[in-house]
Every structure is written in C-alpha cells, then in structure tokens.
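Read through the structure below, which is laid out as structure tokens, and then see the notes.
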Amino acid sequence: MARVRVGLFVTCLVDLMRPRIGFATLKLLEGAGCEVIVPDTQTCCGQPAWNSGDAPGAVALAKKTIAEFEGFEYVVSPSGSCGDHIRTEYPVLLAEEPEWCDRATALASRTYELTDFLVTVLKVDSVPGSYQGTVTYHDSCTGLRSMGIKEQPRALLAKLKGLGVKEMNGCEECCGFGGTFSVKFGEVSAAIAERKCDNILASGAEAVVGGDLGCLLNIEGKLRRMGNENTKVLHVAELLAGED
C-alpha cells in the first residue's frame, strides 16, 4: 500500500522559537506511515500580514504557499491558526482571481491541523510517547472555533500511558495572544493571560498542553512573570511523540 504523501507546513514560530515541535510532528506522521516532505522554501502563511491589513503582502504569501504545497495529497501543520488561514482565508484572499481561487480551494480541502489529521484521516490507534503525570489542555481560539479542534487532541492524549488530564475552568477561553492583538492591546492581553494562568494553576496539573505555539509562548511568559517556574508548557505534538 502506497504511503500517504504529506507536505509539512512547519510555521514561522515553530521554525524560529521551538523547532523540536516540527521534529515531533515529523516523528508522529512518519510513525503513522506517511511520507513527509518539508519544502525548504516555505516561510509564512501570511496570517500576520492579513491581520495587520496588508492585503497585497498576504496575497503574495498565499500564492507562494499554494505553489509550494499543492503537489501533496495533504498539507499538515502543528497549528490550528496557520492551518485555518490556509484553509479558510486563502480562497477569500484570492476570490477575485479565478485560477488562483480554484487552486486555493483545492489546497484548502487537503489542509489539516496535526491532531485532526491523525484522528480523522489516519485514524491512529497508538502514539509513541508516554508521560507520567497530569496535564490540562488549552483550546486555542481559531483551532476550536474555526477548525473544530476539541476532541481530537484529547483522544490522542488518552492513548498516552501514565497521563492524566485535569480539565481547567475556562479551557475554551482565549489566552490573550491573538497574534497582533497582544501587541496592539498589551494591557488587555496581559489581563486575559493572567486569568488563563490562574485557571491553569487552579487545575493542579503539572503541565499545560496546547496545539498552537503562539498561545503557549504567551502562557509560558505570563506564568514565569507570575513567579511560576514549575508548570511545564508543552505542545501536544511534543507530548504525543515523547519529545517533551
């Protein structure tokens, strides 16, 4: 049986801030039987430009990404936010250019967030990681509300030997990151992040886990500024792959 050919969209933050998430994603996909290609010319999906009002920049990056990834059976990203931008916004961005819009729509139909791909498409029955301890899960806004990422990561975490999940209050509430929101509205962002961190600590879990590195960086930064040096902040791919 031929292996599924997957293009891995690493994301800017993973590439620059925590590359081990990319390697963990690679391990999970290859372990599930995929042939994984990482186009070395990939850069940004264009979401920051689009959110900042730079439509020409966002369109240029969308076209670049489409050209780099449209040859694969699937595109998979360890980010609900970036995955959603490709899947939801590309056809909108290119609506006035029929040929590009068709290409964007075709790519969108094959683009998945990592945990959704593992559960929905590959239907994995095991993961290589193990974890002795408790975690709580943060549901990222875009992944949850636009891509329906909710039960998929929890189903995968349930396959980890030794792991217990302690759901926090407000697990579906924003962490305060919101991309450029955290820059434009710093005080509001900090207040939201503090509420999220209070809920994490109240859960009693040893680690907080999520599927978007932007959220995790924001949460970890706030936890440390609040004086908490003990709570681990992990991407779900790291945990599932045993790379935590």
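Scheme for the structure tokens: letters A, B, ... for chains in order shown; per-chain residue numbers from 1; ligand numbers from 1 in order shown.
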Q.
I'd like the neighbourhood of Glu35 in chain A as a PyMOL selection string, where a residue qualifies if any of its atoms comes within 9 Å (using only C-alpha atoms), though same-chain residues fewer than 4 positions away should be ignored.
A. chain A and resi 3-7+29-30
Can you write out the residues you just picked, keeping C-alpha atoms, as a PDB file, in the first residue's frame?
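Output file out_20.pdb follows:
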ATOM      1  CA  ARG A   3       2.236   5.761   1.798  1.00  0.00           C
ATOM      2  CA  VAL A   4       0.269   8.988   2.130  1.00  0.00           C
ATOM      3  CA  ARG A   5       2.381  11.882   0.830  1.00  0.00           C
ATOM      4  CA  VAL A   6       2.202  14.829   3.222  1.00  0.00           C
ATOM      5  CA  GLY A   7       3.620  18.324   2.950  1.00  0.00           C
ATOM      6  CA  LEU A  29       3.441  11.488  10.830  1.00  0.00           C
ATOM      7  CA  GLU A  30       6.215   9.127   9.743  1.00  0.00           C
TER       8      GLU A  30
END
Q) Hey, what's within 9 Å of range 62-71 of chain A if we count only C-alpha atoms and toss same-chain stuff fewer than 4 positions away? As a ChimeraX atom specification, please? A) /A:7-9,39,41-46,57-58,75,86,90,93-94,100,103-104,106-107,110
For the selection you just gave me, I'd like the residues written to a file as a PDB file, in the first residue's frame, keeping N, CA, C and O atoms.
ATOM      1  N   GLY A   7       2.772  17.147   2.862  1.00  0.00           N
ATOM      2  CA  GLY A   7       3.620  18.324   2.950  1.00  0.00           C
ATOM      3  C   GLY A   7       3.476  18.919   4.338  1.00  0.00           C
ATOM      4  O   GLY A   7       2.363  19.230   4.770  1.00  0.00           O
ATOM      5  N   LEU A   8       4.582  19.053   5.060  1.00  0.00           N
ATOM      6  CA  LEU A   8       4.545  19.579   6.422  1.00  0.00           C
ATOM      7  C   LEU A   8       4.773  21.080   6.406  1.00  0.00           C
ATOM      8  O   LEU A   8       5.843  21.564   6.020  1.00  0.00           O
ATOM      9  N   PHE A   9       3.743  21.825   6.818  1.00  0.00           N
ATOM     10  CA  PHE A   9       3.872  23.272   6.969  1.00  0.00           C
ATOM     11  C   PHE A   9       4.290  23.539   8.403  1.00  0.00           C
ATOM     12  O   PHE A   9       3.489  23.433   9.327  1.00  0.00           O
ATOM     13  N   PRO A  39       9.004  21.312   2.370  1.00  0.00           N
ATOM     14  CA  PRO A  39       9.560  22.224   1.363  1.00  0.00           C
ATOM     15  C   PRO A  39      10.475  23.255   2.019  1.00  0.00           C
ATOM     16  O   PRO A  39      10.056  23.976   2.931  1.00  0.00           O
ATOM     17  N   THR A  41      11.672  25.968   0.961  1.00  0.00           N
ATOM     18  CA  THR A  41      11.457  27.381   0.621  1.00  0.00           C
ATOM     19  C   THR A  41      10.278  27.993   1.367  1.00  0.00           C
ATOM     20  O   THR A  41      10.018  29.186   1.232  1.00  0.00           O
ATOM     21  N   GLN A  42       9.572  27.187   2.164  1.00  0.00           N
ATOM     22  CA  GLN A  42       8.389  27.697   2.858  1.00  0.00           C
ATOM     23  C   GLN A  42       8.783  28.770   3.863  1.00  0.00           C
ATOM     24  O   GLN A  42       9.858  28.723   4.465  1.00  0.00           O
ATOM     25  N   THR A  43       7.892  29.737   4.030  1.00  0.00           N
ATOM     26  CA  THR A  43       8.115  30.784   5.023  1.00  0.00           C
ATOM     27  C   THR A  43       6.837  30.946   5.841  1.00  0.00           C
ATOM     28  O   THR A  43       6.461  30.053   6.574  1.00  0.00           O
ATOM     29  N   CYS A  44       6.160  32.088   5.681  1.00  0.00           N
ATOM     30  CA  CYS A  44       4.970  32.400   6.465  1.00  0.00           C
ATOM     31  C   CYS A  44       3.708  32.124   5.662  1.00  0.00           C
ATOM     32  O   CYS A  44       3.700  32.287   4.435  1.00  0.00           O
ATOM     33  N   CYS A  45       2.632  31.749   6.348  1.00  0.00           N
ATOM     34  CA  CYS A  45       1.351  31.536   5.668  1.00  0.00           C
ATOM     35  C   CYS A  45       0.706  32.861   5.261  1.00  0.00           C
ATOM     36  O   CYS A  45      -0.209  32.890   4.442  1.00  0.00           O
ATOM     37  N   GLY A  46       1.161  33.965   5.874  1.00  0.00           N
ATOM     38  CA  GLY A  46       0.616  35.282   5.541  1.00  0.00           C
ATOM     39  C   GLY A  46      -0.403  35.813   6.516  1.00  0.00           C
ATOM     40  O   GLY A  46      -0.909  36.928   6.355  1.00  0.00           O
ATOM     41  N   GLY A  57       0.524  41.908   0.711  1.00  0.00           N
ATOM     42  CA  GLY A  57       1.516  41.002   1.280  1.00  0.00           C
ATOM     43  C   GLY A  57       0.928  39.636   1.576  1.00  0.00           C
ATOM     44  O   GLY A  57       1.562  38.596   1.329  1.00  0.00           O
ATOM     45  N   ALA A  58      -0.300  39.622   2.089  1.00  0.00           N
ATOM     46  CA  ALA A  58      -0.967  38.358   2.397  1.00  0.00           C
ATOM     47  C   ALA A  58      -1.243  37.556   1.134  1.00  0.00           C
ATOM     48  O   ALA A  58      -1.082  36.327   1.107  1.00  0.00           O
ATOM     49  N   VAL A  75      -1.752  18.647   3.292  1.00  0.00           N
ATOM     50  CA  VAL A  75      -0.879  19.591   3.988  1.00  0.00           C
ATOM     51  C   VAL A  75      -1.245  19.515   5.462  1.00  0.00           C
ATOM     52  O   VAL A  75      -2.427  19.603   5.821  1.00  0.00           O
ATOM     53  N   ILE A  86      -4.797  28.953   5.914  1.00  0.00           N
ATOM     54  CA  ILE A  86      -4.695  28.332   4.591  1.00  0.00           C
ATOM     55  C   ILE A  86      -6.059  27.814   4.148  1.00  0.00           C
ATOM     56  O   ILE A  86      -6.477  28.014   3.005  1.00  0.00           O
ATOM     57  N   TYR A  90      -7.425  31.638   2.418  1.00  0.00           N
ATOM     58  CA  TYR A  90      -6.840  31.687   1.075  1.00  0.00           C
ATOM     59  C   TYR A  90      -7.887  31.838  -0.028  1.00  0.00           C
ATOM     60  O   TYR A  90      -7.732  32.671  -0.933  1.00  0.00           O
ATOM     61  N   LEU A  93      -8.998  35.464   0.078  1.00  0.00           N
ATOM     62  CA  LEU A  93      -7.962  36.378  -0.381  1.00  0.00           C
ATOM     63  C   LEU A  93      -7.862  36.413  -1.903  1.00  0.00           C
ATOM     64  O   LEU A  93      -7.583  37.456  -2.500  1.00  0.00           O
ATOM     65  N   LEU A  94      -8.089  35.256  -2.522  1.00  0.00           N
ATOM     66  CA  LEU A  94      -7.871  35.119  -3.966  1.00  0.00           C
ATOM     67  C   LEU A  94      -9.179  35.026  -4.741  1.00  0.00           C
ATOM     68  O   LEU A  94      -9.190  34.590  -5.897  1.00  0.00           O
ATOM     69  N   TRP A 100      -6.368  31.291  -9.376  1.00  0.00           N
ATOM     70  CA  TRP A 100      -5.746  31.153  -8.067  1.00  0.00           C
ATOM     71  C   TRP A 100      -6.763  30.743  -7.006  1.00  0.00           C
ATOM     72  O   TRP A 100      -6.448  29.971  -6.093  1.00  0.00           O
ATOM     73  N   ARG A 103      -7.205  27.058  -7.180  1.00  0.00           N
ATOM     74  CA  ARG A 103      -6.036  26.378  -6.603  1.00  0.00           C
ATOM     75  C   ARG A 103      -6.063  26.476  -5.077  1.00  0.00           C
ATOM     76  O   ARG A 103      -5.740  25.508  -4.367  1.00  0.00           O
ATOM     77  N   ALA A 104      -6.463  27.641  -4.572  1.00  0.00           N
ATOM     78  CA  ALA A 104      -6.560  27.832  -3.127  1.00  0.00           C
ATOM     79  C   ALA A 104      -7.621  26.930  -2.521  1.00  0.00           C
ATOM     80  O   ALA A 104      -7.415  26.318  -1.457  1.00  0.00           O
ATOM     81  N   ALA A 106      -8.745  24.100  -3.720  1.00  0.00           N
ATOM     82  CA  ALA A 106      -8.288  22.707  -3.779  1.00  0.00           C
ATOM     83  C   ALA A 106      -7.309  22.412  -2.644  1.00  0.00           C
ATOM     84  O   ALA A 106      -7.390  21.363  -1.988  1.00  0.00           O
ATOM     85  N   LEU A 107      -6.379  23.331  -2.412  1.00  0.00           N
ATOM     86  CA  LEU A 107      -5.417  23.128  -1.328  1.00  0.00           C
ATOM     87  C   LEU A 107      -6.115  23.156   0.032  1.00  0.00           C
ATOM     88  O   LEU A 107      -5.798  22.357   0.916  1.00  0.00           O
ATOM     89  N   ARG A 110      -7.469  19.984   1.416  1.00  0.00           N
ATOM     90  CA  ARG A 110      -6.492  18.954   1.807  1.00  0.00           C
ATOM     91  C   ARG A 110      -5.609  19.412   2.963  1.00  0.00           C
ATOM     92  O   ARG A 110      -4.601  18.766   3.248  1.00  0.00           O
TER      93      ARG A 110
END
Q.
Can you pull out the residues contacting range 137-139 of chain A? Cut-off 7 Å, using only C-alpha atoms, and skip same-chain residues under 4 positions away; I want them as number ranges by chain.
A. A: 144, 150, 167, 171-172, 208-210
Within 6 Å of Leu114 in chain A, counting only C-alpha atoms, which residues show up once you throw out same-chain ones fewer than 5 positions away? Write them as a short mmCIF file (atom, residue, chain, number, x, y, z; two decimals) with C-alpha atoms, in the first residue's frame, please.
data_model
loop_
_atom_site.label_atom_id
_atom_site.label_comp_id
_atom_site.auth_asym_id
_atom_site.auth_seq_id
_atom_site.Cartn_x
_atom_site.Cartn_y
_atom_site.Cartn_z
CA VAL A 76 -0.48 19.20 7.74
CA SER A 77 0.51 21.85 10.28
CA PRO A 78 1.07 21.71 14.06
#
Q.
To one decimal place in Å, what is the distance between CA of Ser52 in chain A and CA of Val183 in chain A?
A. 11.1 Å
Q | Sel. of alpha helix (DSSP H) residues, range 60-239 of chain A, as a PyMOL selection string | A | chain A and resi 60-69+80-84+90-93+98-108+114-116+141-147+151-157+181-184+186-203+213-225+236-239
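The neighbours of Ser189 in chain A here are the residues that come within 10 Å of it, using only C-alpha atoms and leaving out any residue fewer than 3 positions away in the same chain; they are Cys174, Cys175, Gly176, Phe177, Gly178, Phe181, Ser182, Val183, Lys184, Phe185, Gly186, Ile192, Ala193, Glu194 and Asn218 of chain A.
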Could you turn the residues from that selection into a file that holds all heavy atoms, as a compact mmCIF listing (two decimals), in the first residue's frame?
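Saved result, again28.txt, follows:
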# COMPACT_ATOMS: atom_id res chain seq x y z
N CYS A 174 -9.87 32.47 25.60
CA CYS A 174 -8.64 32.99 24.98
C CYS A 174 -7.53 33.13 26.01
O CYS A 174 -7.76 33.43 27.18
CB CYS A 174 -8.93 34.34 24.34
SG CYS A 174 -7.52 35.09 23.49
N CYS A 175 -6.29 32.94 25.56
CA CYS A 175 -5.12 33.12 26.42
C CYS A 175 -4.61 34.56 26.37
O CYS A 175 -3.70 34.93 27.12
CB CYS A 175 -4.00 32.18 25.99
SG CYS A 175 -3.20 32.64 24.43
N GLY A 176 -5.16 35.36 25.45
CA GLY A 176 -4.73 36.74 25.34
C GLY A 176 -3.74 37.01 24.23
O GLY A 176 -3.36 38.15 23.99
N PHE A 177 -3.30 35.95 23.54
CA PHE A 177 -2.29 36.15 22.49
C PHE A 177 -2.92 36.81 21.26
O PHE A 177 -2.72 37.99 21.01
CB PHE A 177 -1.63 34.82 22.13
CG PHE A 177 -0.62 34.93 21.02
CD1 PHE A 177 0.48 35.75 21.14
CD2 PHE A 177 -0.77 34.20 19.85
CE1 PHE A 177 1.41 35.87 20.12
CE2 PHE A 177 0.15 34.31 18.82
CZ PHE A 177 1.24 35.14 18.95
N GLY A 178 -3.67 36.07 20.50
CA GLY A 178 -4.38 36.63 19.35
C GLY A 178 -3.47 37.26 18.32
O GLY A 178 -3.87 38.22 17.65
N PHE A 181 -2.94 41.07 18.25
CA PHE A 181 -3.75 41.62 19.35
C PHE A 181 -2.90 41.86 20.59
O PHE A 181 -3.03 42.89 21.27
CB PHE A 181 -4.90 40.66 19.69
CG PHE A 181 -5.71 41.06 20.89
CD1 PHE A 181 -6.76 41.95 20.76
CD2 PHE A 181 -5.42 40.56 22.15
CE1 PHE A 181 -7.51 42.34 21.87
CE2 PHE A 181 -6.16 40.95 23.26
CZ PHE A 181 -7.21 41.84 23.11
N SER A 182 -2.00 40.92 20.89
CA SER A 182 -1.18 41.03 22.10
C SER A 182 -0.21 42.20 22.01
O SER A 182 0.26 42.70 23.04
CB SER A 182 -0.41 39.73 22.35
OG SER A 182 0.45 39.44 21.26
N VAL A 183 0.09 42.64 20.79
CA VAL A 183 0.98 43.79 20.60
C VAL A 183 0.18 45.09 20.65
O VAL A 183 0.58 46.07 21.29
CB VAL A 183 1.73 43.68 19.26
CG1 VAL A 183 2.59 44.90 19.02
CG2 VAL A 183 2.58 42.41 19.24
N LYS A 184 -0.97 45.09 19.98
CA LYS A 184 -1.78 46.31 19.89
C LYS A 184 -2.50 46.64 21.20
O LYS A 184 -2.74 47.81 21.52
CB LYS A 184 -2.81 46.15 18.77
CG LYS A 184 -2.21 46.04 17.38
CD LYS A 184 -3.30 45.79 16.34
CE LYS A 184 -2.72 45.67 14.94
NZ LYS A 184 -3.77 45.36 13.93
N PHE A 185 -2.86 45.61 21.94
CA PHE A 185 -3.64 45.80 23.18
C PHE A 185 -2.95 45.05 24.32
O PHE A 185 -3.51 44.12 24.90
CB PHE A 185 -5.07 45.31 22.99
CG PHE A 185 -5.79 45.95 21.84
CD1 PHE A 185 -5.88 45.30 20.62
CD2 PHE A 185 -6.36 47.21 21.96
CE1 PHE A 185 -6.53 45.89 19.54
CE2 PHE A 185 -7.01 47.81 20.90
CZ PHE A 185 -7.09 47.15 19.68
N GLY A 186 -1.74 45.50 24.64
CA GLY A 186 -0.91 44.79 25.61
C GLY A 186 -1.52 44.62 26.97
O GLY A 186 -1.46 43.52 27.56
N ILE A 192 -6.01 39.07 30.24
CA ILE A 192 -6.61 37.80 29.79
C ILE A 192 -5.66 36.65 30.08
O ILE A 192 -6.08 35.57 30.53
CB ILE A 192 -6.93 37.87 28.29
CG1 ILE A 192 -8.00 38.94 28.03
CG2 ILE A 192 -7.40 36.52 27.77
CD1 ILE A 192 -8.24 39.22 26.55
N ALA A 193 -4.37 36.86 29.83
CA ALA A 193 -3.37 35.82 30.07
C ALA A 193 -3.30 35.46 31.56
O ALA A 193 -3.16 34.28 31.91
CB ALA A 193 -2.01 36.28 29.58
N GLU A 194 -3.42 36.46 32.41
CA GLU A 194 -3.37 36.18 33.86
C GLU A 194 -4.56 35.32 34.28
O GLU A 194 -4.41 34.38 35.09
CB GLU A 194 -3.36 37.48 34.64
CG GLU A 194 -3.23 37.27 36.15
CD GLU A 194 -2.99 38.55 36.91
OE1 GLU A 194 -2.86 39.63 36.27
OE2 GLU A 194 -2.92 38.49 38.15
N ASN A 218 2.77 32.70 24.93
CA ASN A 218 2.10 33.73 25.72
C ASN A 218 1.81 33.24 27.13
O ASN A 218 2.05 33.94 28.12
CB ASN A 218 0.80 34.15 25.04
CG ASN A 218 0.27 35.48 25.54
OD1 ASN A 218 1.01 36.46 25.60
ND2 ASN A 218 -1.00 35.52 25.88
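Put simply, CA of Val165 in chain A is 5.0 Å away from CA of Val135 in chain A.
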I'd like to know which residues of range 6-108 of chain A are strand (DSSP E or B) (by DSSP, run on the backbone); could you write them as a compact mmCIF listing (two decimals) with all heavy atoms, in the first residue's frame?
# COMPACT_ATOMS: atom_id res chain seq x y z
N VAL A 6 2.62 13.66 2.44
CA VAL A 6 2.20 14.83 3.22
C VAL A 6 3.24 15.93 3.10
O VAL A 6 4.44 15.69 3.23
CB VAL A 6 2.02 14.46 4.71
CG1 VAL A 6 1.83 15.70 5.56
CG2 VAL A 6 0.85 13.50 4.88
N GLY A 7 2.77 17.15 2.86
CA GLY A 7 3.62 18.32 2.95
C GLY A 7 3.48 18.92 4.34
O GLY A 7 2.36 19.23 4.77
N LEU A 8 4.58 19.05 5.06
CA LEU A 8 4.55 19.58 6.42
C LEU A 8 4.77 21.08 6.41
O LEU A 8 5.84 21.56 6.02
CB LEU A 8 5.61 18.90 7.28
CG LEU A 8 5.81 19.45 8.70
CD1 LEU A 8 4.51 19.43 9.49
CD2 LEU A 8 6.90 18.67 9.43
N GLU A 35 4.70 9.52 4.11
CA GLU A 35 5.91 10.07 3.52
C GLU A 35 5.81 11.58 3.70
O GLU A 35 4.89 12.20 3.17
CB GLU A 35 6.01 9.73 2.04
CG GLU A 35 7.22 10.37 1.35
CD GLU A 35 7.21 10.21 -0.15
OE1 GLU A 35 6.25 9.60 -0.69
OE2 GLU A 35 8.14 10.71 -0.79
N VAL A 36 6.72 12.16 4.45
CA VAL A 36 6.63 13.57 4.81
C VAL A 36 7.71 14.38 4.11
O VAL A 36 8.89 14.05 4.18
CB VAL A 36 6.75 13.77 6.34
CG1 VAL A 36 6.52 15.24 6.70
CG2 VAL A 36 5.75 12.89 7.07
N ILE A 37 7.28 15.42 3.42
CA ILE A 37 8.19 16.34 2.74
C ILE A 37 8.06 17.71 3.39
O ILE A 37 6.94 18.18 3.64
CB ILE A 37 7.86 16.46 1.23
CG1 ILE A 37 7.78 15.07 0.59
CG2 ILE A 37 8.89 17.33 0.52
CD1 ILE A 37 9.05 14.27 0.61
N TYR A 74 -1.85 15.81 1.08
CA TYR A 74 -2.34 16.56 2.23
C TYR A 74 -1.29 17.58 2.66
O TYR A 74 -0.10 17.38 2.44
CB TYR A 74 -2.63 15.64 3.42
CG TYR A 74 -3.74 14.66 3.19
CD1 TYR A 74 -3.45 13.34 2.82
CD2 TYR A 74 -5.07 15.02 3.35
CE1 TYR A 74 -4.47 12.42 2.61
CE2 TYR A 74 -6.09 14.10 3.15
CZ TYR A 74 -5.79 12.81 2.78
OH TYR A 74 -6.80 11.90 2.56
N VAL A 75 -1.75 18.65 3.29
CA VAL A 75 -0.88 19.59 3.99
C VAL A 75 -1.25 19.52 5.46
O VAL A 75 -2.43 19.60 5.82
CB VAL A 75 -1.06 21.03 3.47
CG1 VAL A 75 -0.19 22.00 4.27
CG2 VAL A 75 -0.73 21.12 1.99
N VAL A 76 -0.24 19.34 6.31
CA VAL A 76 -0.48 19.20 7.74
C VAL A 76 0.39 20.22 8.48
O VAL A 76 1.55 20.42 8.14
CB VAL A 76 -0.14 17.78 8.23
CG1 VAL A 76 -0.30 17.67 9.75
CG2 VAL A 76 -1.05 16.76 7.54
N SER A 77 -0.20 20.85 9.49
CA SER A 77 0.51 21.85 10.28
C SER A 77 0.25 21.65 11.77
O SER A 77 -0.88 21.35 12.15
CB SER A 77 0.06 23.26 9.88
OG SER A 77 0.70 24.24 10.67
Q: Extract, using only C-alpha atoms, all DNA, RNA and protein residues at most 10 Å from Leu160 in chain A, discarding same-chain residues fewer than 6 positions from it, and format them as a list in words.
A: Ser126, Val127, Pro128, Gly129, Ser130, Tyr131, Gln132, Leu239, Leu240, Ala241 and Gly242 of chain A
Just write the chosen residues, N, CA, C and O atoms, as an mmCIF file, in the first residue's frame.
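Below you can see result06.cif, which holds the result:
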data_model
loop_
_atom_site.group_PDB
_atom_site.id
_atom_site.type_symbol
_atom_site.label_atom_id
_atom_site.label_comp_id
_atom_site.auth_asym_id
_atom_site.auth_seq_id
_atom_site.Cartn_x
_atom_site.Cartn_y
_atom_site.Cartn_z
ATOM 1 N N SER A 126 -2.371 4.338 18.131
ATOM 2 C CA SER A 126 -1.344 4.428 19.163
ATOM 3 C C SER A 126 -0.417 5.592 18.845
ATOM 4 O O SER A 126 -0.356 6.063 17.702
ATOM 5 N N VAL A 127 0.278 6.069 19.858
ATOM 6 C CA VAL A 127 1.276 7.131 19.696
ATOM 7 C C VAL A 127 2.535 6.704 20.441
ATOM 8 O O VAL A 127 2.468 5.918 21.387
ATOM 9 N N PRO A 128 3.704 7.204 20.025
ATOM 10 C CA PRO A 128 4.955 6.704 20.611
ATOM 11 C C PRO A 128 5.285 7.231 21.991
ATOM 12 O O PRO A 128 6.114 6.666 22.698
ATOM 13 N N GLY A 129 4.663 8.320 22.430
ATOM 14 C CA GLY A 129 5.032 8.935 23.695
ATOM 15 C C GLY A 129 4.450 8.258 24.915
ATOM 16 O O GLY A 129 3.585 7.385 24.828
ATOM 17 N N SER A 130 4.957 8.660 26.071
ATOM 18 C CA SER A 130 4.395 8.269 27.369
ATOM 19 C C SER A 130 4.673 9.418 28.321
ATOM 20 O O SER A 130 5.597 10.202 28.109
ATOM 21 N N TYR A 131 3.863 9.530 29.356
ATOM 22 C CA TYR A 131 4.032 10.663 30.260
ATOM 23 C C TYR A 131 3.485 10.295 31.623
ATOM 24 O O TYR A 131 2.304 9.946 31.749
ATOM 25 N N GLN A 132 4.328 10.349 32.620
ATOM 26 C CA GLN A 132 3.900 10.064 33.981
ATOM 27 C C GLN A 132 3.567 11.382 34.672
ATOM 28 O O GLN A 132 4.446 12.114 35.104
ATOM 29 N N LEU A 239 4.371 16.048 23.369
ATOM 30 C CA LEU A 239 3.906 15.052 24.327
ATOM 31 C C LEU A 239 3.595 13.727 23.635
ATOM 32 O O LEU A 239 4.016 12.657 24.080
ATOM 33 N N LEU A 240 2.867 13.803 22.530
ATOM 34 C CA LEU A 240 2.481 12.587 21.811
ATOM 35 C C LEU A 240 3.671 11.836 21.242
ATOM 36 O O LEU A 240 3.681 10.598 21.178
ATOM 37 N N ALA A 241 4.695 12.578 20.841
ATOM 38 C CA ALA A 241 5.882 11.961 20.232
ATOM 39 C C ALA A 241 6.907 11.525 21.262
ATOM 40 O O ALA A 241 7.910 10.891 20.919
ATOM 41 N N GLY A 242 6.697 11.892 22.529
ATOM 42 C CA GLY A 242 7.669 11.554 23.553
ATOM 43 C C GLY A 242 8.900 12.427 23.486
ATOM 44 O O GLY A 242 9.999 12.009 23.883
#
Q) Quick one: of A:Glu173, A:Glu96, A:Glu187, A:Asp212, who's nearest to Ile200 in chain A, counting only C-alpha atoms? A)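 The answer is A:Glu173, which sits nearest to Ile200 in chain A.
You can rank A:Val236, A:Val59, A:Leu28, A:Ile21 by their closest distance to Ala158 in chain A using only C-alpha atoms, and at the top of that list sits A:Val236.
Candidate residues A:Gly31, A:Leu223, A:Lys232, A:Asn169 were compared for distance to Ala202 in chain A, and the nearest is A:Asn169, using only C-alpha atoms.
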